[in-house]
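> So here's work.cif (mmCIF, C-alpha atoms).
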data_run
loop_
_atom_site.label_atom_id
_atom_site.label_comp_id
_atom_site.auth_asym_id
_atom_site.auth_seq_id
_atom_site.Cartn_x
_atom_site.Cartn_y
_atom_site.Cartn_z
CA MET S 1 -14.65 129.04 66.55
CA THR S 2 -12.17 131.41 68.14
CA ALA S 3 -8.46 131.79 67.88
CA THR S 4 -6.43 131.49 71.10
CA GLY S 5 -3.39 133.30 69.74
CA GLU S 6 -1.88 134.45 66.49
CA GLY S 7 -2.26 131.60 63.99
CA VAL S 8 -3.71 129.29 66.66
CA ARG S 9 -7.28 127.96 66.52
CA ALA S 10 -9.38 126.37 69.22
CA TYR S 11 -9.92 122.63 68.69
CA PRO S 12 -12.38 121.05 68.09
CA PHE S 13 -13.75 123.44 65.48
CA GLY S 14 -17.35 122.26 65.85
CA PRO S 15 -19.50 119.69 67.67
CA VAL S 16 -19.47 116.04 66.61
CA ASP S 17 -22.30 115.41 64.14
CA ARG S 18 -23.21 111.74 63.73
CA LEU S 19 -20.67 110.23 61.30
CA GLU S 20 -19.94 113.45 59.46
CA VAL S 21 -16.51 115.01 59.21
CA ASP S 22 -16.60 118.57 60.55
CA PRO S 23 -16.77 120.65 57.33
CA LYS S 24 -14.80 123.49 58.93
CA LEU S 25 -12.07 121.02 59.92
CA ALA S 26 -11.92 119.63 56.38
CA GLU S 27 -11.83 123.12 54.87
CA ILE S 28 -9.11 124.50 57.13
CA CYS S 29 -6.95 121.40 57.04
CA GLY S 30 -7.16 121.27 53.27
CA GLU S 31 -5.45 124.67 53.27
CA GLN S 32 -3.19 124.09 56.29
CA PRO S 33 -2.34 120.38 56.63
CA VAL S 34 -0.11 121.09 59.65
CA LEU S 35 -2.08 123.47 61.83
CA ARG S 36 -1.41 124.95 65.25
CA VAL S 37 -4.40 124.37 67.55
CA ASN S 38 -5.28 124.84 71.21
CA LEU S 39 -6.50 121.54 72.66
CA PRO S 40 -9.34 121.49 75.21
CA TYR S 41 -7.47 119.67 77.99
CA GLY S 42 -4.02 119.77 79.57
CA GLY S 43 -3.24 123.32 78.62
CA GLY S 44 -1.26 124.62 75.69
CA ASP S 45 -1.11 124.16 71.95
CA ALA S 46 -0.37 121.26 69.64
CA TRP S 47 0.21 120.64 65.97
CA LEU S 48 -2.75 119.00 64.19
CA VAL S 49 -1.62 116.92 61.19
CA THR S 50 -4.09 115.70 58.59
CA ARG S 51 -2.37 114.58 55.39
CA HIS S 52 -2.15 110.82 54.96
CA ALA S 53 1.65 110.81 54.62
CA ASP S 54 2.14 113.12 57.62
CA VAL S 55 -0.26 111.12 59.79
CA LYS S 56 1.58 107.88 58.98
CA ALA S 57 4.88 109.60 59.75
CA VAL S 58 3.67 110.81 63.15
CA LEU S 59 2.27 107.37 64.02
CA ALA S 60 5.38 105.45 62.95
CA ASP S 61 8.36 107.76 63.48
CA PRO S 62 10.08 107.07 66.85
CA ARG S 63 10.88 110.78 67.07
CA PHE S 64 7.22 111.27 68.03
CA SER S 65 6.90 109.78 71.51
CA ARG S 66 3.83 108.50 73.32
CA ALA S 67 5.75 107.97 76.58
CA ALA S 68 6.73 111.65 76.67
CA ALA S 69 3.03 112.57 76.40
CA VAL S 70 2.11 111.13 79.81
CA GLY S 71 1.19 113.84 82.30
CA GLU S 72 -1.66 116.11 83.32
CA ASP S 73 -0.10 119.21 81.75
CA ILE S 74 0.23 117.67 78.28
CA PRO S 75 -2.16 119.17 75.68
CA ARG S 76 -4.74 116.53 74.73
CA THR S 77 -8.20 116.04 73.23
CA VAL S 78 -9.63 114.00 76.13
CA ALA S 79 -10.30 114.90 79.75
CA THR S 80 -8.33 112.01 81.23
CA GLY S 81 -5.04 110.90 79.73
CA LEU S 82 -3.87 107.31 79.69
CA PRO S 83 -1.72 106.09 82.61
CA ASN S 84 1.94 105.30 81.99
CA THR S 85 1.16 101.62 82.56
CA SER S 86 -0.92 101.49 79.39
CA MET S 87 0.79 99.93 76.38
CA LEU S 88 -0.57 102.87 74.37
CA SER S 89 1.54 105.19 76.53
CA MET S 90 4.81 103.35 75.92
CA ASP S 91 7.59 103.57 73.37
CA PRO S 92 9.91 100.75 72.33
CA PRO S 93 11.55 98.78 73.83
CA GLU S 94 9.02 98.65 76.72
CA HIS S 95 6.10 98.68 74.30
CA SER S 96 7.73 96.00 72.11
CA ARG S 97 8.14 93.61 75.03
CA LEU S 98 4.48 93.79 76.01
CA ARG S 99 3.15 93.72 72.46
CA ARG S 100 5.26 90.69 71.57
CA ARG S 101 3.72 88.71 74.42
CA VAL S 102 0.11 89.34 73.42
CA ALA S 103 0.43 89.63 69.61
CA ASN S 104 0.31 85.86 69.07
CA ALA S 105 -3.33 85.83 70.17
CA PHE S 106 -4.29 88.11 67.27
CA THR S 107 -2.50 86.62 64.29
CA VAL S 108 -4.58 86.02 61.16
CA ARG S 109 -4.42 82.27 61.78
CA ARG S 110 -5.65 82.46 65.37
CA VAL S 111 -8.34 84.98 64.54
CA GLU S 112 -9.63 82.75 61.74
CA ALA S 113 -9.76 79.88 64.21
CA LEU S 114 -12.22 82.01 66.22
CA ARG S 115 -14.51 82.56 63.23
CA PRO S 116 -16.78 79.49 63.82
CA ARG S 117 -17.40 80.61 67.41
CA VAL S 118 -18.11 84.19 66.32
CA GLN S 119 -20.52 82.87 63.69
CA GLN S 120 -22.23 80.76 66.36
CA ILE S 121 -22.66 83.79 68.64
CA VAL S 122 -24.04 85.93 65.80
CA ASN S 123 -26.48 83.19 64.77
CA GLY S 124 -27.71 82.81 68.34
CA LEU S 125 -28.22 86.54 68.83
CA LEU S 126 -30.12 86.83 65.55
CA ASP S 127 -32.22 83.76 66.35
CA THR S 128 -33.34 85.47 69.56
CA MET S 129 -34.01 88.77 67.82
CA ILE S 130 -36.00 87.20 64.98
CA ALA S 131 -38.03 85.03 67.35
CA ALA S 132 -39.02 88.11 69.37
CA GLY S 133 -40.21 89.84 66.20
CA GLY S 134 -39.53 93.30 64.87
CA PRO S 135 -38.90 96.07 65.14
CA ALA S 136 -35.79 95.51 67.22
CA ASP S 137 -32.90 97.64 68.44
CA LEU S 138 -29.89 96.15 66.66
CA THR S 139 -27.47 97.71 69.15
CA ARG S 140 -29.12 95.91 72.06
CA THR S 141 -29.70 92.63 70.28
CA LEU S 142 -26.49 92.26 68.24
CA THR S 143 -23.86 94.94 67.89
CA TRP S 144 -23.09 95.37 71.61
CA PRO S 145 -23.58 91.80 72.88
CA LEU S 146 -21.32 90.28 70.20
CA PRO S 147 -17.96 91.97 70.86
CA ILE S 148 -18.23 91.87 74.65
CA THR S 149 -18.95 88.14 74.44
CA VAL S 150 -16.00 87.55 72.11
CA ILE S 151 -13.44 89.58 74.07
CA CYS S 152 -14.59 88.20 77.43
CA GLU S 153 -14.35 84.62 76.15
CA LEU S 154 -10.90 85.39 74.79
CA LEU S 155 -9.73 86.82 78.12
CA GLY S 156 -11.61 84.29 80.24
CA VAL S 157 -14.11 86.61 81.94
CA PRO S 158 -17.10 84.68 83.38
CA VAL S 159 -20.44 85.16 81.61
CA ALA S 160 -22.08 86.42 84.79
CA ASP S 161 -19.70 89.39 84.97
CA ARG S 162 -20.09 90.70 81.42
CA ASP S 163 -22.85 93.17 82.17
CA ARG S 164 -20.60 94.85 84.73
CA PHE S 165 -17.82 94.97 82.16
CA ASN S 166 -20.12 96.74 79.73
CA VAL S 167 -20.85 99.44 82.32
CA TRP S 168 -17.19 99.91 83.24
CA VAL S 169 -15.95 100.06 79.65
CA ASP S 170 -18.73 102.51 78.86
CA GLY S 171 -17.63 104.79 81.70
CA LEU S 172 -13.95 104.46 80.85
CA LEU S 173 -14.30 106.28 77.54
CA MET S 174 -16.35 109.29 78.67
CA LEU S 175 -14.86 112.43 77.14
CA SER S 176 -16.40 114.93 79.53
CA ASP S 177 -16.42 113.15 82.91
CA PRO S 178 -12.89 112.43 84.18
CA ALA S 179 -14.20 111.31 87.58
CA GLN S 180 -16.42 108.64 86.01
CA SER S 181 -13.63 107.57 83.69
CA THR S 182 -11.19 107.22 86.58
CA GLN S 183 -13.69 105.28 88.69
CA ALA S 184 -14.44 102.91 85.80
CA ARG S 185 -10.73 102.26 85.29
CA GLU S 186 -10.32 101.52 89.00
CA HIS S 187 -13.17 98.99 88.86
CA LEU S 188 -11.65 97.29 85.83
CA ASN S 189 -8.18 97.26 87.37
CA GLU S 190 -9.45 95.74 90.61
CA TYR S 191 -11.52 93.09 88.85
CA LEU S 192 -8.78 92.07 86.43
CA ALA S 193 -6.20 91.95 89.22
CA GLY S 194 -8.43 89.41 90.96
CA LEU S 195 -8.72 87.28 87.82
CA ILE S 196 -4.97 87.39 87.26
CA ALA S 197 -4.28 86.33 90.83
CA LEU S 198 -6.47 83.28 90.24
CA ARG S 199 -4.64 82.52 86.96
CA ARG S 200 -1.28 82.65 88.72
CA VAL S 201 -2.46 79.84 91.00
CA THR S 202 -4.63 77.83 88.61
CA PRO S 203 -3.64 77.86 84.93
CA THR S 204 -6.38 78.25 82.31
CA ASP S 205 -6.37 78.10 78.51
CA ASP S 206 -7.70 81.63 77.96
CA LEU S 207 -5.51 84.62 77.07
CA LEU S 208 -5.09 85.88 80.64
CA GLY S 209 -4.14 82.37 81.72
CA GLU S 210 -1.64 82.07 78.89
CA LEU S 211 -0.04 85.42 79.72
CA ALA S 212 0.03 84.77 83.47
CA HIS S 213 2.02 81.55 83.11
CA VAL S 214 5.36 82.15 81.41
CA ASP S 215 8.43 80.22 82.46
CA ASP S 216 10.95 82.61 80.88
CA GLU S 217 11.64 85.36 83.44
CA GLU S 218 12.49 87.85 80.69
CA ASP S 219 9.03 87.41 79.13
CA ARG S 220 7.12 87.23 82.40
CA LEU S 221 4.65 90.09 82.78
CA LEU S 222 4.05 91.89 86.07
CA ASP S 223 0.52 91.94 87.47
CA GLU S 224 0.09 95.66 86.70
CA GLU S 225 1.23 95.04 83.11
CA LEU S 226 -1.32 92.27 82.71
CA VAL S 227 -4.07 94.44 84.17
CA SER S 228 -3.22 97.29 81.80
CA LEU S 229 -3.23 94.91 78.84
CA GLY S 230 -6.61 93.55 79.87
CA VAL S 231 -8.12 97.04 80.16
CA SER S 232 -6.74 98.05 76.75
CA LEU S 233 -8.06 94.91 75.06
CA LEU S 234 -11.47 95.27 76.67
CA SER S 235 -11.93 98.92 75.76
CA ALA S 236 -10.76 98.47 72.17
CA GLY S 237 -12.38 95.08 71.64
CA GLN S 238 -15.73 96.22 73.01
CA GLU S 239 -16.31 99.93 72.55
CA ALA S 240 -14.65 100.41 69.17
CA THR S 241 -15.97 97.24 67.58
CA ALA S 242 -19.50 97.58 68.96
CA ASN S 243 -19.81 101.15 67.73
CA GLN S 244 -18.33 100.40 64.34
CA LEU S 245 -20.73 97.49 63.84
CA GLY S 246 -23.65 99.84 64.41
CA ASN S 247 -22.06 102.56 62.28
CA PHE S 248 -21.59 100.18 59.35
CA VAL S 249 -25.20 98.97 59.41
CA TYR S 250 -26.51 102.52 59.85
CA THR S 251 -24.49 103.71 56.85
CA LEU S 252 -25.66 100.84 54.66
CA LEU S 253 -29.32 101.19 55.63
CA THR S 254 -29.30 104.94 55.01
CA ARG S 255 -27.83 104.19 51.59
CA PRO S 256 -30.12 101.40 50.34
CA ASP S 257 -28.23 101.28 47.03
CA LEU S 258 -25.13 100.15 48.94
CA TRP S 259 -27.07 97.58 50.97
CA GLN S 260 -28.63 96.13 47.81
CA LYS S 261 -25.24 96.00 46.13
CA LEU S 262 -24.00 93.77 48.93
CA VAL S 263 -27.18 91.68 48.95
CA ALA S 264 -26.62 91.03 45.23
CA ASP S 265 -22.91 90.27 45.67
CA PRO S 266 -21.94 89.24 49.23
CA ALA S 267 -18.42 88.50 47.98
CA LEU S 268 -17.90 92.28 48.18
CA VAL S 269 -18.14 92.24 51.98
CA PRO S 270 -14.37 92.15 52.70
CA ASP S 271 -13.81 95.13 50.39
CA ALA S 272 -16.85 96.86 51.88
CA VAL S 273 -15.42 96.47 55.39
CA GLU S 274 -12.20 98.19 54.33
CA GLU S 275 -13.99 100.99 52.47
CA LEU S 276 -16.46 101.62 55.29
CA SER S 277 -13.57 101.60 57.77
CA ARG S 278 -11.95 104.31 55.67
CA ILE S 279 -14.95 106.58 55.13
CA ILE S 280 -16.54 106.39 58.60
CA PRO S 281 -14.66 108.58 61.12
CA ILE S 282 -14.96 106.43 64.22
CA SER S 283 -13.07 108.72 66.61
CA ALA S 284 -14.87 111.78 67.95
CA SER S 285 -11.60 113.73 68.07
CA ALA S 286 -7.99 113.64 66.95
CA GLY S 287 -5.87 110.84 68.34
CA PHE S 288 -3.60 110.56 71.37
CA THR S 289 -0.94 113.23 71.78
CA ARG S 290 2.66 112.58 70.87
CA ILE S 291 5.68 114.72 71.76
CA ALA S 292 8.43 115.47 69.25
CA LEU S 293 11.78 114.37 70.66
CA GLU S 294 13.71 116.41 68.09
CA ASP S 295 12.97 118.84 65.28
CA VAL S 296 10.99 117.19 62.46
CA GLU S 297 9.64 118.71 59.25
CA LEU S 298 6.14 117.82 58.04
CA SER S 299 4.69 119.33 54.85
CA GLY S 300 7.11 122.23 55.06
CA GLN S 301 6.37 122.99 58.70
CA THR S 302 9.06 122.46 61.34
CA ILE S 303 7.83 120.70 64.45
CA ARG S 304 10.20 121.65 67.25
CA ALA S 305 11.52 119.27 69.88
CA GLY S 306 9.07 119.29 72.79
CA ASP S 307 6.05 120.24 70.67
CA ALA S 308 2.82 118.26 71.07
CA VAL S 309 1.33 116.66 67.96
CA VAL S 310 -2.05 115.01 67.30
CA ALA S 311 -3.12 113.19 64.13
CA GLU S 312 -6.59 113.46 62.55
CA LEU S 313 -7.20 109.99 61.07
CA GLY S 314 -10.62 110.77 59.62
CA ILE S 315 -9.24 113.53 57.40
CA ALA S 316 -6.18 111.47 56.45
CA ASN S 317 -8.53 108.73 55.23
CA ARG S 318 -10.00 111.23 52.74
CA ASP S 319 -6.72 112.58 51.40
CA PRO S 320 -7.19 113.11 47.63
CA ALA S 321 -3.48 112.49 47.13
CA VAL S 322 -4.09 108.86 48.17
CA PHE S 323 -7.76 108.16 47.40
CA ASP S 324 -9.55 108.98 44.16
CA HIS S 325 -13.01 110.55 44.73
CA PRO S 326 -12.35 110.25 48.49
CA GLU S 327 -15.83 111.38 49.58
CA GLU S 328 -17.54 108.52 47.70
CA ILE S 329 -18.13 105.01 49.05
CA ASP S 330 -16.68 102.64 46.46
CA PHE S 331 -16.61 98.91 47.19
CA HIS S 332 -14.51 98.37 44.06
CA ARG S 333 -11.74 100.71 45.15
CA GLY S 334 -9.21 97.90 45.51
CA SER S 335 -6.41 98.40 48.01
CA VAL S 336 -7.57 100.78 50.75
CA PRO S 337 -4.54 101.96 52.78
CA HIS S 338 -6.64 103.61 55.47
CA VAL S 339 -5.23 104.43 58.89
CA THR S 340 -8.36 103.72 60.93
CA PHE S 341 -6.55 101.00 62.87
CA GLY S 342 -3.48 103.19 63.27
CA HIS S 343 -0.01 102.65 61.85
CA GLY S 344 3.43 101.74 63.11
CA VAL S 345 4.19 100.19 66.47
CA HIS S 346 0.81 101.19 67.92
CA HIS S 347 -1.23 99.70 65.07
CA CYS S 348 -4.32 98.16 66.67
CA LEU S 349 -3.54 94.68 68.00
CA GLY S 350 -7.13 93.57 67.51
CA ALA S 351 -7.52 94.86 63.94
CA GLN S 352 -7.82 91.38 62.46
CA LEU S 353 -10.36 90.35 65.11
CA ALA S 354 -12.43 93.49 64.46
CA ARG S 355 -12.33 92.89 60.70
CA MET S 356 -13.46 89.32 61.15
CA GLU S 357 -16.38 90.28 63.41
CA LEU S 358 -17.46 93.02 61.00
CA ARG S 359 -17.37 90.61 58.07
CA VAL S 360 -19.27 87.87 59.89
CA VAL S 361 -22.01 90.27 61.01
CA LEU S 362 -22.50 91.81 57.56
CA GLU S 363 -22.39 88.45 55.77
CA THR S 364 -24.94 86.99 58.18
CA LEU S 365 -27.32 89.95 58.05
CA LEU S 366 -27.20 90.00 54.24
CA ARG S 367 -27.91 86.28 54.07
CA ARG S 368 -30.57 86.00 56.75
CA LEU S 369 -32.21 89.43 56.62
CA PRO S 370 -31.78 90.82 53.10
CA GLY S 371 -34.83 93.04 53.64
CA LEU S 372 -33.32 94.73 56.70
CA ARG S 373 -34.29 98.41 56.95
CA LEU S 374 -34.52 101.24 59.46
CA ALA S 375 -37.71 101.15 61.52
CA VAL S 376 -37.72 104.91 62.18
CA PRO S 377 -36.87 108.00 60.11
CA VAL S 378 -33.16 108.79 59.97
CA ASP S 379 -33.60 111.97 62.01
CA GLN S 380 -35.01 109.92 64.89
CA ILE S 381 -31.84 107.84 65.28
CA SER S 382 -30.17 108.77 68.58
CA TRP S 383 -26.39 109.06 68.94
CA ARG S 384 -23.97 108.52 71.79
CA THR S 385 -22.48 111.86 72.84
CA ASN S 386 -19.42 112.95 74.82
CA ARG S 387 -17.70 109.74 73.86
CA LEU S 388 -14.23 108.98 72.57
CA ILE S 389 -15.83 106.75 69.91
CA ARG S 390 -18.76 107.74 67.67
CA GLY S 391 -21.78 105.47 67.53
CA VAL S 392 -25.53 105.12 67.46
CA GLU S 393 -27.30 104.96 70.80
CA ALA S 394 -30.01 102.74 69.35
CA LEU S 395 -30.64 101.37 65.85
CA PRO S 396 -34.30 100.32 65.43
CA VAL S 397 -34.68 97.97 62.45
CA SER S 398 -37.33 95.90 60.74
CA TRP S 399 -36.96 93.08 58.21
#
Would you kindly transcribe this structure into structure tokens?

Amino acid sequence: MTATGEGVRAYPFGPVDRLEVDPKLAEICGEQPVLRVNLPYGGGDAWLVTRHADVKAVLADPRFSRAAAVGEDIPRTVATGLPNTSMLSMDPPEHSRLRRRVANAFTVRRVEALRPRVQQIVNGLLDTMIAAGGPADLTRTLTWPLPITVICELLGVPVADRDRFNVWVDGLLMLSDPAQSTQAREHLNEYLAGLIALRRVTPTDDLLGELAHVDDEEDRLLDEELVSLGVSLLSAGQEATANQLGNFVYTLLTRPDLWQKLVADPALVPDAVEELSRIIPISASAGFTRIALEDVELSGQTIRAGDAVVAELGIANRDPAVFDHPEEIDFHRGSVPHVTFGHGVHHCLGAQLARMELRVVLETLLRRLPGLRLAVPVDQISWRTNRLIRGVEALPVSW
């Protein structure tokens, strides 16, 4: 770790290690919750915020703009920034208009209506895995096929095209290969534009069809807006959920006491999903950059107008001011106000869908395969590297 200027440190402080929080990051941020860092891409420095209250403020306060952070010269943690057509790169009111149109598909009621279909998909995938016999790679047989099937059915993507979607979404979120990421986005944009053109002519009852046919001109979305929404939903609904499914099972199987606790009391699963969401740092780096539109004070530090700011959610989720014994996994913690799904206007649209899929998978595995265990030593588990999202490459299991 080297400093790039007086009081400025190079970020990240160390390489990503499985699901561990960088100990140097935790140590430094415990002492300096608002820290000046030099980000690896875009050029220049940014403020890294880590306290739970400060992170929530940055994510929710309109004085911290995502739209102002669009541009190649903006300091950032990833090689390729998001385009200005992405909903994640917008501020209200533009962001509010797009989010309002798609939010109805992800209400608690509509997500619960999807539960029987998700359960059916999980049962079918496990039937195939069990029939083939163990050991089996749970990522290949369950944790990756499930979310891509769910999100593609929701959007209306044909079954025959889902393998291609997997490849494109995988390339989209490469941290170290901007050319591959750009090419993957172009493939997704072109494909979704074709689907949307078909929906404009022939209405369908899937989400793309619903969004493509709006009579009210004020609510009507442009083709490029629909494409951007589709890309965002695919990348979040597939990559994040698939990795977190594998991360949850890995964590439970490397802590057999926790797995057995859930086997003995499956009613704990909803609380377990929230606690595991809190403790497992899913992102490989701090979040998307925001730009301060005016001077703002955080934890005694003045952030000047024009300064770049990034929020470290994984550290915020272990803030001792909010969580007792924050390093422990406690399924009886009660309310878990974690920020894994974000906060404020950019809170993850698909959070309820992800929660439901996580619950269904854990409940089904506990019921059908209570003896589930790793089929290889922990140190032989391979991990996906140079990714925006942390996750196991393969998860060999027996039962």
> State, in Å with one decimal place, the distance from atom CA of Cys29 of chain S to atom CA of Val310 of chain S.
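Straight-line distance from atom CA of Cys29 of chain S to atom CA of Val310 of chain S works out to 13.0 Å.
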> Quick one: apply the PyMOL selection byres ((chain S and resi 393) around 9) to the file and drop the selected residues here as a list of chain:residue names.
S:Thr139, S:Asn243, S:Gly246, S:Ile381, S:Ser382, S:Trp383, S:Arg384, S:Thr385, S:Gly391, S:Val392, S:Ala394, S:Leu395
> Just the number, please: distance in Å from atom CA of Ser285 of chain S to atom CA of Ala53 of chain S, one decimal.
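It comes out at 19.1 Å.
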> Which one is closest to Glu153 of chain S: S:Thr85, S:Asn386, S:Ser181, S:Thr204? Count all atoms listed in the file.
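Selected residue with least distance to Glu153 of chain S: S:Thr204.
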> Could you tell me which residues the PyMOL selection byres ((chain S and resi 263-268) around 12) returns for this structure, as an MDAnalysis selection string?
chainID S and resid 252:253 256:262 269:276 330:334 359:372
> For the selection just defined, write its residues with C-alpha atoms to a file, as a PDB file, in the frame of the given file.

ATOM      1  CA  LEU S 252     -25.660 100.840  54.660  1.00  0.00           C
ATOM      2  CA  LEU S 253     -29.320 101.190  55.630  1.00  0.00           C
ATOM      3  CA  PRO S 256     -30.120 101.400  50.340  1.00  0.00           C
ATOM      4  CA  ASP S 257     -28.230 101.280  47.030  1.00  0.00           C
ATOM      5  CA  LEU S 258     -25.130 100.150  48.940  1.00  0.00           C
ATOM      6  CA  TRP S 259     -27.070  97.580  50.970  1.00  0.00           C
ATOM      7  CA  GLN S 260     -28.630  96.130  47.810  1.00  0.00           C
ATOM      8  CA  LYS S 261     -25.240  96.000  46.130  1.00  0.00           C
ATOM      9  CA  LEU S 262     -24.000  93.770  48.930  1.00  0.00           C
ATOM     10  CA  VAL S 269     -18.140  92.240  51.980  1.00  0.00           C
ATOM     11  CA  PRO S 270     -14.370  92.150  52.700  1.00  0.00           C
ATOM     12  CA  ASP S 271     -13.810  95.130  50.390  1.00  0.00           C
ATOM     13  CA  ALA S 272     -16.850  96.860  51.880  1.00  0.00           C
ATOM     14  CA  VAL S 273     -15.420  96.470  55.390  1.00  0.00           C
ATOM     15  CA  GLU S 274     -12.200  98.190  54.330  1.00  0.00           C
ATOM     16  CA  GLU S 275     -13.990 100.990  52.470  1.00  0.00           C
ATOM     17  CA  LEU S 276     -16.460 101.620  55.290  1.00  0.00           C
ATOM     18  CA  ASP S 330     -16.680 102.640  46.460  1.00  0.00           C
ATOM     19  CA  PHE S 331     -16.610  98.910  47.190  1.00  0.00           C
ATOM     20  CA  HIS S 332     -14.510  98.370  44.060  1.00  0.00           C
ATOM     21  CA  ARG S 333     -11.740 100.710  45.150  1.00  0.00           C
ATOM     22  CA  GLY S 334      -9.210  97.900  45.510  1.00  0.00           C
ATOM     23  CA  ARG S 359     -17.370  90.610  58.070  1.00  0.00           C
ATOM     24  CA  VAL S 360     -19.270  87.870  59.890  1.00  0.00           C
ATOM     25  CA  VAL S 361     -22.010  90.270  61.010  1.00  0.00           C
ATOM     26  CA  LEU S 362     -22.500  91.810  57.560  1.00  0.00           C
ATOM     27  CA  GLU S 363     -22.390  88.450  55.770  1.00  0.00           C
ATOM     28  CA  THR S 364     -24.940  86.990  58.180  1.00  0.00           C
ATOM     29  CA  LEU S 365     -27.320  89.950  58.050  1.00  0.00           C
ATOM     30  CA  LEU S 366     -27.200  90.000  54.240  1.00  0.00           C
ATOM     31  CA  ARG S 367     -27.910  86.280  54.070  1.00  0.00           C
ATOM     32  CA  ARG S 368     -30.570  86.000  56.750  1.00  0.00           C
ATOM     33  CA  LEU S 369     -32.210  89.430  56.620  1.00  0.00           C
ATOM     34  CA  PRO S 370     -31.780  90.820  53.100  1.00  0.00           C
ATOM     35  CA  GLY S 371     -34.830  93.040  53.640  1.00  0.00           C
ATOM     36  CA  LEU S 372     -33.320  94.730  56.700  1.00  0.00           C
TER      37      LEU S 372
END
> With all atoms listed in the file as the atoms that count, which of S:Ser277, S:Arg36, S:Val322, S:Ala292 lies nearest to Arg304 of chain S?
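For Arg304 of chain S, the nearest of the given residues is S:Ala292.
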> Tell me, in Å to one decimal, how far atom CA of Pro83 of chain S is from atom CA of Asp163 of chain S.
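These atoms are spaced 24.8 Å apart.
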> Would you kindly identify which residues have an atom no farther than 10 Å from (-8.3, 99.3, 76.3), using all atoms listed in the file and the file's own coordinates, and write them out as a ChimeraX atom specification?
/S:82,86-88,169,172-173,185,228-240
> When you count only C-alpha atoms, which of these residues is closest to Leu138 of chain S: S:Val111, S:Ile151, S:Val16, S:Val122?
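Of S:Val111, S:Ile151, S:Val16, S:Val122, the one nearest Leu138 of chain S, counting only C-alpha atoms, is S:Val122.
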> Could you give me, as a list in words, the residues within 10 Å of Arg51 of chain S, counting only C-alpha atoms and dropping anything in the same chain fewer than 6 positions from it?
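Final neighbour list, sorted by chain and number: Cys29, Gly30, Gln32, Pro33, Val34, Ala57, Leu298, Ser299, Ala311, Glu312, Leu313, Ile315, Ala316, Asn317, Arg318, Asp319, Pro320, Ala321 and Val322 of chain S.
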> Using the selection just defined, write its residues with C-alpha atoms as an mmCIF file, in the coordinates of the input.

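Result file follows (selection02.cif):
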data_model
loop_
_atom_site.group_PDB
_atom_site.id
_atom_site.type_symbol
_atom_site.label_atom_id
_atom_site.label_comp_id
_atom_site.auth_asym_id
_atom_site.auth_seq_id
_atom_site.Cartn_x
_atom_site.Cartn_y
_atom_site.Cartn_z
ATOM 1 C CA CYS S 29 -6.950 121.400 57.040
ATOM 2 C CA GLY S 30 -7.160 121.270 53.270
ATOM 3 C CA GLN S 32 -3.190 124.090 56.290
ATOM 4 C CA PRO S 33 -2.340 120.380 56.630
ATOM 5 C CA VAL S 34 -0.110 121.090 59.650
ATOM 6 C CA ALA S 57 4.880 109.600 59.750
ATOM 7 C CA LEU S 298 6.140 117.820 58.040
ATOM 8 C CA SER S 299 4.690 119.330 54.850
ATOM 9 C CA ALA S 311 -3.120 113.190 64.130
ATOM 10 C CA GLU S 312 -6.590 113.460 62.550
ATOM 11 C CA LEU S 313 -7.200 109.990 61.070
ATOM 12 C CA ILE S 315 -9.240 113.530 57.400
ATOM 13 C CA ALA S 316 -6.180 111.470 56.450
ATOM 14 C CA ASN S 317 -8.530 108.730 55.230
ATOM 15 C CA ARG S 318 -10.000 111.230 52.740
ATOM 16 C CA ASP S 319 -6.720 112.580 51.400
ATOM 17 C CA PRO S 320 -7.190 113.110 47.630
ATOM 18 C CA ALA S 321 -3.480 112.490 47.130
ATOM 19 C CA VAL S 322 -4.090 108.860 48.170
#
> Could you expand the PyMOL selection byres ((chain S and resi 221) around 8) into the explicit residues it covers here, written as a list in words?
Leu98, Leu211, Ala212, Asp219, Arg220, Leu222, Asp223, Glu225 and Leu226 of chain S
> List the spatial neighbours of Gly44 of chain S as a PDB file with C-alpha atoms, in the coordinates of the input - criterion: any atom at most 8 Å away, all atoms listed in the file, same-chain residues fewer than 6 positions off excluded.

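Produced file out25.pdb, reproduced below:
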ATOM      1  CA  ASN S  38      -5.280 124.840  71.210  1.00  0.00           C
ATOM      2  CA  ILE S  74       0.230 117.670  78.280  1.00  0.00           C
ATOM      3  CA  PRO S  75      -2.160 119.170  75.680  1.00  0.00           C
TER       4      PRO S  75
END
> Just segment 309-323 of chain S, please, as a compact mmCIF listing (two decimals), in the first residue's frame (only C-alpha atoms).

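Resulting contents of out.txt:
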# COMPACT_ATOMS: atom_id res chain seq x y z
CA VAL S 309 -17.24 10.24 -2.97
CA VAL S 310 -17.52 6.44 -2.79
CA ALA S 311 -19.25 4.41 -0.08
CA GLU S 312 -17.91 1.13 1.37
CA LEU S 313 -21.05 -0.89 2.14
CA GLY S 314 -19.24 -3.92 3.55
CA ILE S 315 -17.61 -1.87 6.31
CA ALA S 316 -20.82 0.07 7.00
CA ASN S 317 -22.59 -3.27 7.57
CA ARG S 318 -20.14 -3.97 10.42
CA ASP S 319 -20.39 -0.60 12.13
CA PRO S 320 -20.31 -1.27 15.91
CA ALA S 321 -22.39 1.86 16.45
CA VAL S 322 -25.30 0.06 14.73
CA PHE S 323 -24.63 -3.67 15.18
